[in-house]
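Novice: Supplied structure: input.txt, compact mmCIF, N, CA and C atoms.
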```txt
# COMPACT_ATOMS: atom_id res chain seq x y z
N MET A 1 2.38 14.66 7.37
CA MET A 1 2.91 14.91 6.05
C MET A 1 4.13 14.02 5.85
N GLY A 2 4.19 13.31 4.76
CA GLY A 2 5.29 12.40 4.48
C GLY A 2 6.52 13.12 4.00
N PRO A 3 7.63 12.43 3.92
CA PRO A 3 8.89 13.04 3.50
C PRO A 3 8.78 13.68 2.13
N GLY A 4 9.08 14.95 2.06
CA GLY A 4 9.11 15.64 0.79
C GLY A 4 7.75 15.91 0.19
N SER A 5 6.67 15.70 0.93
CA SER A 5 5.36 15.91 0.34
C SER A 5 4.81 17.26 0.73
N GLY A 6 3.98 17.80 -0.15
CA GLY A 6 3.35 19.09 0.11
C GLY A 6 1.99 18.93 0.75
N THR A 7 1.39 17.77 0.65
CA THR A 7 0.12 17.49 1.30
C THR A 7 0.25 16.17 2.04
N SER A 8 -0.70 15.92 2.91
CA SER A 8 -0.61 14.71 3.70
C SER A 8 -0.88 13.47 2.85
N VAL A 9 -0.35 12.35 3.31
CA VAL A 9 -0.55 11.07 2.65
C VAL A 9 -1.16 10.12 3.67
N VAL A 10 -2.25 9.46 3.27
CA VAL A 10 -2.92 8.47 4.10
C VAL A 10 -2.58 7.10 3.54
N LEU A 11 -2.05 6.22 4.39
CA LEU A 11 -1.70 4.86 3.98
C LEU A 11 -2.67 3.87 4.60
N TYR A 12 -3.08 2.90 3.80
CA TYR A 12 -3.91 1.80 4.26
C TYR A 12 -3.02 0.56 4.20
N VAL A 13 -2.63 0.06 5.36
CA VAL A 13 -1.69 -1.05 5.46
C VAL A 13 -2.48 -2.34 5.67
N VAL A 14 -2.39 -3.26 4.68
CA VAL A 14 -3.16 -4.51 4.73
C VAL A 14 -2.18 -5.68 4.78
N ASP A 15 -2.15 -6.34 5.95
CA ASP A 15 -1.29 -7.51 6.13
C ASP A 15 -1.89 -8.36 7.25
N GLU A 16 -2.01 -9.66 7.03
CA GLU A 16 -2.60 -10.52 8.05
C GLU A 16 -1.69 -10.72 9.25
N ASP A 17 -0.40 -10.49 9.08
CA ASP A 17 0.56 -10.63 10.17
C ASP A 17 0.56 -9.34 11.00
N ALA A 18 0.05 -9.44 12.23
CA ALA A 18 -0.09 -8.25 13.08
C ALA A 18 1.24 -7.55 13.33
N SER A 19 2.32 -8.31 13.50
CA SER A 19 3.61 -7.68 13.79
C SER A 19 4.12 -6.89 12.58
N VAL A 20 3.92 -7.42 11.38
CA VAL A 20 4.33 -6.70 10.16
C VAL A 20 3.46 -5.47 9.98
N ARG A 21 2.16 -5.65 10.13
CA ARG A 21 1.21 -4.54 9.98
C ARG A 21 1.55 -3.42 10.96
N ASP A 22 1.77 -3.77 12.23
CA ASP A 22 2.09 -2.77 13.24
C ASP A 22 3.42 -2.08 12.97
N ALA A 23 4.42 -2.84 12.54
CA ALA A 23 5.72 -2.26 12.24
C ALA A 23 5.63 -1.28 11.08
N LEU A 24 4.90 -1.65 10.04
CA LEU A 24 4.73 -0.74 8.89
C LEU A 24 3.98 0.52 9.30
N CYS A 25 2.97 0.37 10.14
CA CYS A 25 2.22 1.55 10.60
C CYS A 25 3.09 2.46 11.46
N ARG A 26 3.89 1.87 12.35
CA ARG A 26 4.80 2.68 13.18
C ARG A 26 5.81 3.42 12.32
N LEU A 27 6.38 2.70 11.35
CA LEU A 27 7.36 3.31 10.44
C LEU A 27 6.72 4.48 9.68
N ALA A 28 5.53 4.25 9.15
CA ALA A 28 4.83 5.29 8.39
C ALA A 28 4.49 6.49 9.26
N THR A 29 4.01 6.22 10.46
CA THR A 29 3.66 7.31 11.38
C THR A 29 4.88 8.12 11.79
N SER A 30 6.00 7.43 12.01
CA SER A 30 7.22 8.14 12.39
C SER A 30 7.72 9.05 11.28
N ALA A 31 7.35 8.73 10.04
CA ALA A 31 7.76 9.55 8.90
C ALA A 31 6.73 10.63 8.58
N GLY A 32 5.65 10.69 9.36
CA GLY A 32 4.68 11.75 9.16
C GLY A 32 3.46 11.36 8.34
N PHE A 33 3.35 10.08 7.99
CA PHE A 33 2.16 9.62 7.26
C PHE A 33 1.06 9.29 8.25
N GLU A 34 -0.16 9.31 7.79
CA GLU A 34 -1.29 8.81 8.57
C GLU A 34 -1.50 7.36 8.12
N ALA A 35 -1.46 6.42 9.06
CA ALA A 35 -1.54 5.00 8.70
C ALA A 35 -2.74 4.34 9.35
N HIS A 36 -3.44 3.52 8.56
CA HIS A 36 -4.61 2.77 9.03
C HIS A 36 -4.36 1.29 8.78
N PRO A 37 -4.29 0.47 9.84
CA PRO A 37 -4.01 -0.96 9.68
C PRO A 37 -5.27 -1.79 9.42
N TYR A 38 -5.12 -2.81 8.58
CA TYR A 38 -6.18 -3.76 8.28
C TYR A 38 -5.59 -5.16 8.21
N ALA A 39 -6.28 -6.13 8.81
CA ALA A 39 -5.80 -7.50 8.80
C ALA A 39 -6.11 -8.20 7.49
N CYS A 40 -7.14 -7.74 6.78
CA CYS A 40 -7.48 -8.38 5.51
C CYS A 40 -8.07 -7.35 4.56
N LEU A 41 -7.98 -7.66 3.30
CA LEU A 41 -8.45 -6.76 2.26
C LEU A 41 -9.95 -6.53 2.33
N ASP A 42 -10.71 -7.56 2.74
CA ASP A 42 -12.16 -7.41 2.83
C ASP A 42 -12.58 -6.37 3.85
N ALA A 43 -11.74 -6.10 4.86
CA ALA A 43 -12.06 -5.12 5.90
C ALA A 43 -11.68 -3.69 5.49
N LEU A 44 -10.92 -3.56 4.42
CA LEU A 44 -10.41 -2.26 4.00
C LEU A 44 -11.54 -1.33 3.59
N VAL A 45 -11.51 -0.14 4.18
CA VAL A 45 -12.43 0.92 3.80
C VAL A 45 -11.58 2.14 3.49
N VAL A 46 -11.54 2.51 2.21
CA VAL A 46 -10.77 3.66 1.79
C VAL A 46 -11.66 4.88 1.91
N GLY A 47 -11.26 5.80 2.79
CA GLY A 47 -12.08 6.98 3.04
C GLY A 47 -11.83 8.08 2.03
N GLU A 48 -12.80 8.95 1.95
CA GLU A 48 -12.67 10.16 1.13
C GLU A 48 -12.05 11.22 2.02
N THR A 49 -10.74 11.38 1.93
CA THR A 49 -10.02 12.26 2.85
C THR A 49 -9.28 13.35 2.10
N ASP A 50 -9.98 14.12 1.31
CA ASP A 50 -9.33 15.22 0.60
C ASP A 50 -8.97 16.30 1.59
N PRO A 51 -7.91 17.05 1.37
CA PRO A 51 -7.05 17.06 0.20
C PRO A 51 -5.85 16.14 0.36
N CYS A 52 -6.06 14.95 0.80
CA CYS A 52 -4.97 14.00 1.01
C CYS A 52 -4.68 13.18 -0.24
N ARG A 53 -3.50 12.64 -0.23
CA ARG A 53 -3.14 11.62 -1.21
C ARG A 53 -3.23 10.30 -0.46
N ARG A 54 -3.65 9.25 -1.15
CA ARG A 54 -3.88 7.97 -0.51
C ARG A 54 -3.12 6.87 -1.22
N CYS A 55 -2.79 5.81 -0.46
CA CYS A 55 -2.06 4.68 -1.01
C CYS A 55 -2.36 3.44 -0.17
N VAL A 56 -2.49 2.29 -0.85
CA VAL A 56 -2.68 1.02 -0.16
C VAL A 56 -1.37 0.25 -0.21
N LEU A 57 -0.88 -0.17 0.97
CA LEU A 57 0.26 -1.07 1.07
C LEU A 57 -0.34 -2.44 1.32
N LEU A 58 -0.21 -3.34 0.36
CA LEU A 58 -0.93 -4.60 0.38
C LEU A 58 0.01 -5.79 0.36
N ASP A 59 -0.13 -6.68 1.34
CA ASP A 59 0.65 -7.91 1.37
C ASP A 59 0.19 -8.81 0.22
N ALA A 60 1.14 -9.37 -0.51
CA ALA A 60 0.82 -10.20 -1.67
C ALA A 60 -0.04 -11.40 -1.32
N ALA A 61 0.07 -11.90 -0.10
CA ALA A 61 -0.74 -13.06 0.31
C ALA A 61 -2.23 -12.74 0.24
N GLN A 62 -2.59 -11.47 0.37
CA GLN A 62 -4.00 -11.08 0.27
C GLN A 62 -4.54 -11.29 -1.14
N LEU A 63 -3.65 -11.19 -2.13
CA LEU A 63 -4.09 -11.35 -3.52
C LEU A 63 -4.42 -12.79 -3.86
N ALA A 64 -3.79 -13.72 -3.17
CA ALA A 64 -4.02 -15.13 -3.45
C ALA A 64 -5.42 -15.57 -3.04
N THR A 65 -6.05 -14.83 -2.13
CA THR A 65 -7.38 -15.21 -1.64
C THR A 65 -8.47 -14.31 -2.16
N ARG A 66 -8.14 -13.41 -3.05
CA ARG A 66 -9.14 -12.44 -3.54
C ARG A 66 -8.94 -12.24 -5.03
N ALA A 67 -10.05 -12.12 -5.73
CA ALA A 67 -9.99 -11.91 -7.18
C ALA A 67 -9.34 -10.56 -7.47
N PRO A 68 -8.33 -10.51 -8.33
CA PRO A 68 -7.66 -9.25 -8.65
C PRO A 68 -8.61 -8.15 -9.13
N ALA A 69 -9.63 -8.50 -9.89
CA ALA A 69 -10.58 -7.49 -10.38
C ALA A 69 -11.33 -6.85 -9.22
N ALA A 70 -11.68 -7.65 -8.21
CA ALA A 70 -12.37 -7.10 -7.03
C ALA A 70 -11.44 -6.17 -6.26
N THR A 71 -10.17 -6.51 -6.19
CA THR A 71 -9.19 -5.65 -5.52
C THR A 71 -9.13 -4.31 -6.22
N ARG A 72 -9.03 -4.36 -7.53
CA ARG A 72 -8.94 -3.15 -8.33
C ARG A 72 -10.17 -2.28 -8.13
N LYS A 73 -11.35 -2.87 -8.13
CA LYS A 73 -12.60 -2.12 -7.97
C LYS A 73 -12.69 -1.47 -6.60
N GLN A 74 -12.32 -2.20 -5.55
CA GLN A 74 -12.46 -1.67 -4.20
C GLN A 74 -11.57 -0.46 -3.98
N GLU A 75 -10.36 -0.49 -4.47
CA GLU A 75 -9.46 0.62 -4.22
C GLU A 75 -9.82 1.85 -5.06
N ASP A 76 -10.53 1.64 -6.15
CA ASP A 76 -11.10 2.72 -6.95
C ASP A 76 -10.14 3.89 -7.15
N GLU A 77 -9.11 3.65 -7.91
CA GLU A 77 -8.14 4.68 -8.28
C GLU A 77 -7.13 5.03 -7.19
N VAL A 78 -7.18 4.37 -6.06
CA VAL A 78 -6.16 4.58 -5.03
C VAL A 78 -4.98 3.70 -5.41
N PRO A 79 -3.79 4.26 -5.54
CA PRO A 79 -2.64 3.45 -5.95
C PRO A 79 -2.32 2.36 -4.93
N VAL A 80 -1.90 1.21 -5.45
CA VAL A 80 -1.58 0.06 -4.62
C VAL A 80 -0.10 -0.29 -4.80
N ILE A 81 0.57 -0.50 -3.67
CA ILE A 81 1.93 -1.02 -3.65
C ILE A 81 1.84 -2.40 -2.99
N VAL A 82 2.25 -3.43 -3.70
CA VAL A 82 2.21 -4.78 -3.17
C VAL A 82 3.56 -5.11 -2.54
N LEU A 83 3.50 -5.67 -1.33
CA LEU A 83 4.70 -6.10 -0.62
C LEU A 83 4.68 -7.63 -0.60
N CYS A 84 5.79 -8.24 -1.02
CA CYS A 84 5.81 -9.70 -1.09
C CYS A 84 7.10 -10.26 -0.49
N ALA A 85 7.01 -11.51 -0.06
CA ALA A 85 8.17 -12.18 0.53
C ALA A 85 9.20 -12.56 -0.53
N GLY A 86 8.73 -12.88 -1.72
CA GLY A 86 9.62 -13.25 -2.81
C GLY A 86 9.23 -12.52 -4.08
N ASN A 87 10.18 -12.26 -4.92
CA ASN A 87 9.90 -11.54 -6.15
C ASN A 87 9.88 -12.53 -7.32
N ASP A 88 8.89 -13.42 -7.30
CA ASP A 88 8.80 -14.42 -8.35
C ASP A 88 7.74 -14.02 -9.38
N GLU A 89 7.68 -14.76 -10.46
CA GLU A 89 6.75 -14.43 -11.54
C GLU A 89 5.30 -14.48 -11.09
N ALA A 90 4.95 -15.44 -10.23
CA ALA A 90 3.57 -15.56 -9.76
C ALA A 90 3.15 -14.30 -8.98
N ALA A 91 4.03 -13.80 -8.12
CA ALA A 91 3.72 -12.59 -7.36
C ALA A 91 3.59 -11.38 -8.28
N ARG A 92 4.48 -11.28 -9.26
CA ARG A 92 4.41 -10.16 -10.21
C ARG A 92 3.12 -10.20 -11.02
N ARG A 93 2.73 -11.40 -11.44
CA ARG A 93 1.50 -11.55 -12.24
C ARG A 93 0.27 -11.16 -11.42
N LEU A 94 0.19 -11.63 -10.17
CA LEU A 94 -0.93 -11.27 -9.31
C LEU A 94 -0.98 -9.76 -9.06
N ALA A 95 0.18 -9.17 -8.82
CA ALA A 95 0.24 -7.73 -8.57
C ALA A 95 -0.24 -6.94 -9.79
N ARG A 96 0.18 -7.36 -10.98
CA ARG A 96 -0.25 -6.67 -12.21
C ARG A 96 -1.77 -6.79 -12.39
N LYS A 97 -2.30 -7.99 -12.18
CA LYS A 97 -3.75 -8.20 -12.35
C LYS A 97 -4.56 -7.37 -11.35
N ALA A 98 -3.98 -7.14 -10.19
CA ALA A 98 -4.67 -6.35 -9.16
C ALA A 98 -4.53 -4.85 -9.42
N GLY A 99 -3.74 -4.48 -10.42
CA GLY A 99 -3.57 -3.06 -10.73
C GLY A 99 -2.54 -2.37 -9.88
N ALA A 100 -1.65 -3.13 -9.26
CA ALA A 100 -0.62 -2.54 -8.41
C ALA A 100 0.32 -1.66 -9.24
N ARG A 101 0.72 -0.56 -8.66
CA ARG A 101 1.67 0.33 -9.32
C ARG A 101 3.10 -0.14 -9.13
N LEU A 102 3.38 -0.79 -7.97
CA LEU A 102 4.73 -1.27 -7.66
C LEU A 102 4.65 -2.56 -6.87
N LEU A 103 5.72 -3.33 -6.97
CA LEU A 103 5.89 -4.54 -6.19
C LEU A 103 7.23 -4.42 -5.47
N LEU A 104 7.20 -4.47 -4.14
CA LEU A 104 8.41 -4.36 -3.33
C LEU A 104 8.59 -5.63 -2.52
N ARG A 105 9.83 -6.03 -2.35
CA ARG A 105 10.12 -7.26 -1.61
C ARG A 105 10.33 -6.97 -0.13
N LYS A 106 9.73 -7.82 0.72
CA LYS A 106 9.94 -7.74 2.17
C LYS A 106 11.25 -8.41 2.52
N PRO A 107 11.98 -7.94 3.49
CA PRO A 107 11.73 -6.70 4.22
C PRO A 107 12.10 -5.51 3.36
N VAL A 108 11.23 -4.53 3.35
CA VAL A 108 11.45 -3.38 2.49
C VAL A 108 12.28 -2.32 3.24
N ASP A 109 13.21 -1.73 2.53
CA ASP A 109 14.01 -0.63 3.06
C ASP A 109 13.11 0.58 3.27
N ALA A 110 13.24 1.24 4.41
CA ALA A 110 12.37 2.37 4.74
C ALA A 110 12.42 3.46 3.67
N GLN A 111 13.62 3.86 3.25
CA GLN A 111 13.72 4.92 2.25
C GLN A 111 13.12 4.50 0.92
N ALA A 112 13.31 3.24 0.52
CA ALA A 112 12.71 2.74 -0.72
C ALA A 112 11.19 2.79 -0.63
N LEU A 113 10.65 2.45 0.54
CA LEU A 113 9.20 2.50 0.74
C LEU A 113 8.70 3.94 0.65
N PHE A 114 9.38 4.86 1.32
CA PHE A 114 8.97 6.27 1.28
C PHE A 114 9.04 6.82 -0.15
N ASP A 115 10.09 6.46 -0.87
CA ASP A 115 10.21 6.90 -2.27
C ASP A 115 9.08 6.34 -3.13
N ALA A 116 8.74 5.07 -2.91
CA ALA A 116 7.67 4.43 -3.66
C ALA A 116 6.33 5.11 -3.38
N ILE A 117 6.07 5.40 -2.12
CA ILE A 117 4.82 6.08 -1.75
C ILE A 117 4.76 7.46 -2.40
N ALA A 118 5.86 8.19 -2.34
CA ALA A 118 5.91 9.52 -2.96
C ALA A 118 5.65 9.42 -4.45
N TRP A 119 6.22 8.42 -5.10
CA TRP A 119 6.06 8.26 -6.55
C TRP A 119 4.62 7.94 -6.92
N VAL A 120 3.98 6.98 -6.21
CA VAL A 120 2.62 6.58 -6.61
C VAL A 120 1.56 7.59 -6.20
N THR A 121 1.88 8.45 -5.23
CA THR A 121 0.88 9.44 -4.79
C THR A 121 1.14 10.82 -5.37
N GLU A 122 2.15 10.94 -6.21
CA GLU A 122 2.50 12.23 -6.79
C GLU A 122 1.32 12.78 -7.58
N ALA A 123 1.02 14.03 -7.33
CA ALA A 123 -0.08 14.68 -8.04
C ALA A 123 0.32 14.91 -9.50
N PRO A 124 -0.60 14.64 -10.44
CA PRO A 124 -0.27 14.89 -11.85
C PRO A 124 -0.08 16.37 -12.11
N ASP A 125 0.79 16.67 -13.04
CA ASP A 125 1.06 18.09 -13.38
C ASP A 125 -0.10 18.69 -14.13
```
Please lay out the structure from this file as structure tokens.
Specialist:
Amino acid sequence: MGPGSGTSVVLYVVDEDASVRDALCRLATSAGFEAHPYACLDALVVGETDPCRRCVLLDAAQLATRAPAATRKQEDEVPVIVLCAGNDEAARRLARKAGARLLLRKPVDAQALFDAIAWVTEAPD
């Protein structure tokens, strides 16, 4: 269970850099999230894990090699948070086209990441 959450949150961490992917998964696990690492977006399999809330943490570099519409279709209503090295217009445009709910700059502050996950996975009233 993640910080301040009433139900569990499953994170799908997609980053080609193994050290970044592993660090994000360790951070998420230490905070009580269930984390699943993926080296590329094509390998991502979002499971049906009710009654969980789900979120994809996606490295912006993955968007440059994949059509944003395909990204949107694969995640199928699972909120996406894009993590990028720089916060430039090109990264913001790709994130919007992919249907990302948020764009965060690396290195991301742990509390900012937890707050972002809580916000995008919040159950509607």
Novice: Tell me, as an mmCIF file with N, CA and C atoms, in the frame of the given file, which residues lie within 7 Å of region 104-118 of chain A, counting only N, CA and C atoms; anything in the same chain fewer than 5 positions away does not count.
Specialist:
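Produced file selection_17.cif, reproduced below:
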```cif
data_model
loop_
_atom_site.group_PDB
_atom_site.id
_atom_site.type_symbol
_atom_site.label_atom_id
_atom_site.label_comp_id
_atom_site.auth_asym_id
_atom_site.auth_seq_id
_atom_site.Cartn_x
_atom_site.Cartn_y
_atom_site.Cartn_z
ATOM 1 N N PRO A 3 7.630 12.430 3.920
ATOM 2 C CA PRO A 3 8.890 13.040 3.500
ATOM 3 C C PRO A 3 8.780 13.680 2.130
ATOM 4 N N ILE A 81 0.570 -0.500 -3.670
ATOM 5 C CA ILE A 81 1.930 -1.020 -3.650
ATOM 6 C C ILE A 81 1.840 -2.400 -2.990
ATOM 7 N N VAL A 82 2.250 -3.430 -3.700
ATOM 8 C CA VAL A 82 2.210 -4.780 -3.170
ATOM 9 C C VAL A 82 3.560 -5.110 -2.540
ATOM 10 N N LEU A 83 3.500 -5.670 -1.330
ATOM 11 C CA LEU A 83 4.700 -6.100 -0.620
ATOM 12 C C LEU A 83 4.680 -7.630 -0.600
ATOM 13 N N CYS A 84 5.790 -8.240 -1.020
ATOM 14 C CA CYS A 84 5.810 -9.700 -1.090
ATOM 15 C C CYS A 84 7.100 -10.260 -0.490
ATOM 16 N N ALA A 85 7.010 -11.510 -0.060
ATOM 17 C CA ALA A 85 8.170 -12.180 0.530
ATOM 18 C C ALA A 85 9.200 -12.560 -0.530
ATOM 19 N N GLY A 86 8.730 -12.880 -1.720
ATOM 20 C CA GLY A 86 9.620 -13.250 -2.810
ATOM 21 C C GLY A 86 9.230 -12.520 -4.080
ATOM 22 N N ASN A 87 10.180 -12.260 -4.920
ATOM 23 C CA ASN A 87 9.900 -11.540 -6.150
ATOM 24 C C ASN A 87 9.880 -12.530 -7.320
#
```
Novice: Write out as number ranges by chain which residues come within 12 Å of Leu63 (chain A) when counting only C-alpha atoms, dropping same-chain ones fewer than 4 positions away.
Specialist: A: 14-16, 40-42, 58-59, 67-72, 80-84, 90-100
Novice: Go ahead and compute the interatomic distance for CA of Asp88 (chain A) and atom C of Trp119 (chain A), in Å to one decimal.
Specialist: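 Those two atoms sit 22.8 Å apart.
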Novice: Centre and edge lengths of an axis-aligned box around all listed atoms of region 88-105 of chain A, with 6 Å added on each side, are to be given in Å to one decimal, as AutoDock Vina command-line options.
Specialist:
```
--center_x 2.8 --center_y -7.6 --center_z -6.3 --size_x 27.0 --size_y 27.9 --size_z 24.3
```
Novice: For each of A:Tyr12, A:Glu77, A:Arg21, A:Ala31, take the minimum atom-to-atom distance to Leu44 (chain A), counting all atoms listed in the file, then give the residue where this is smallest.
Specialist: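 Nearest to Leu44 (chain A): A:Tyr12.
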Novice: Under the rule that only N, CA and C atoms are counted, which of A:Arg54, A:Pro37, A:Val45, A:Thr29 is the nearest residue to Val10 (chain A)?
Specialist: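 Looking only at the distances to Val10 (chain A), the closest residue turns out to be A:Arg54.
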Novice: Got a sec to tell me which of region 13-122 of chain A DSSP assigns to helix (DSSP H, G or I), as a count of residues only?
Specialist: 49
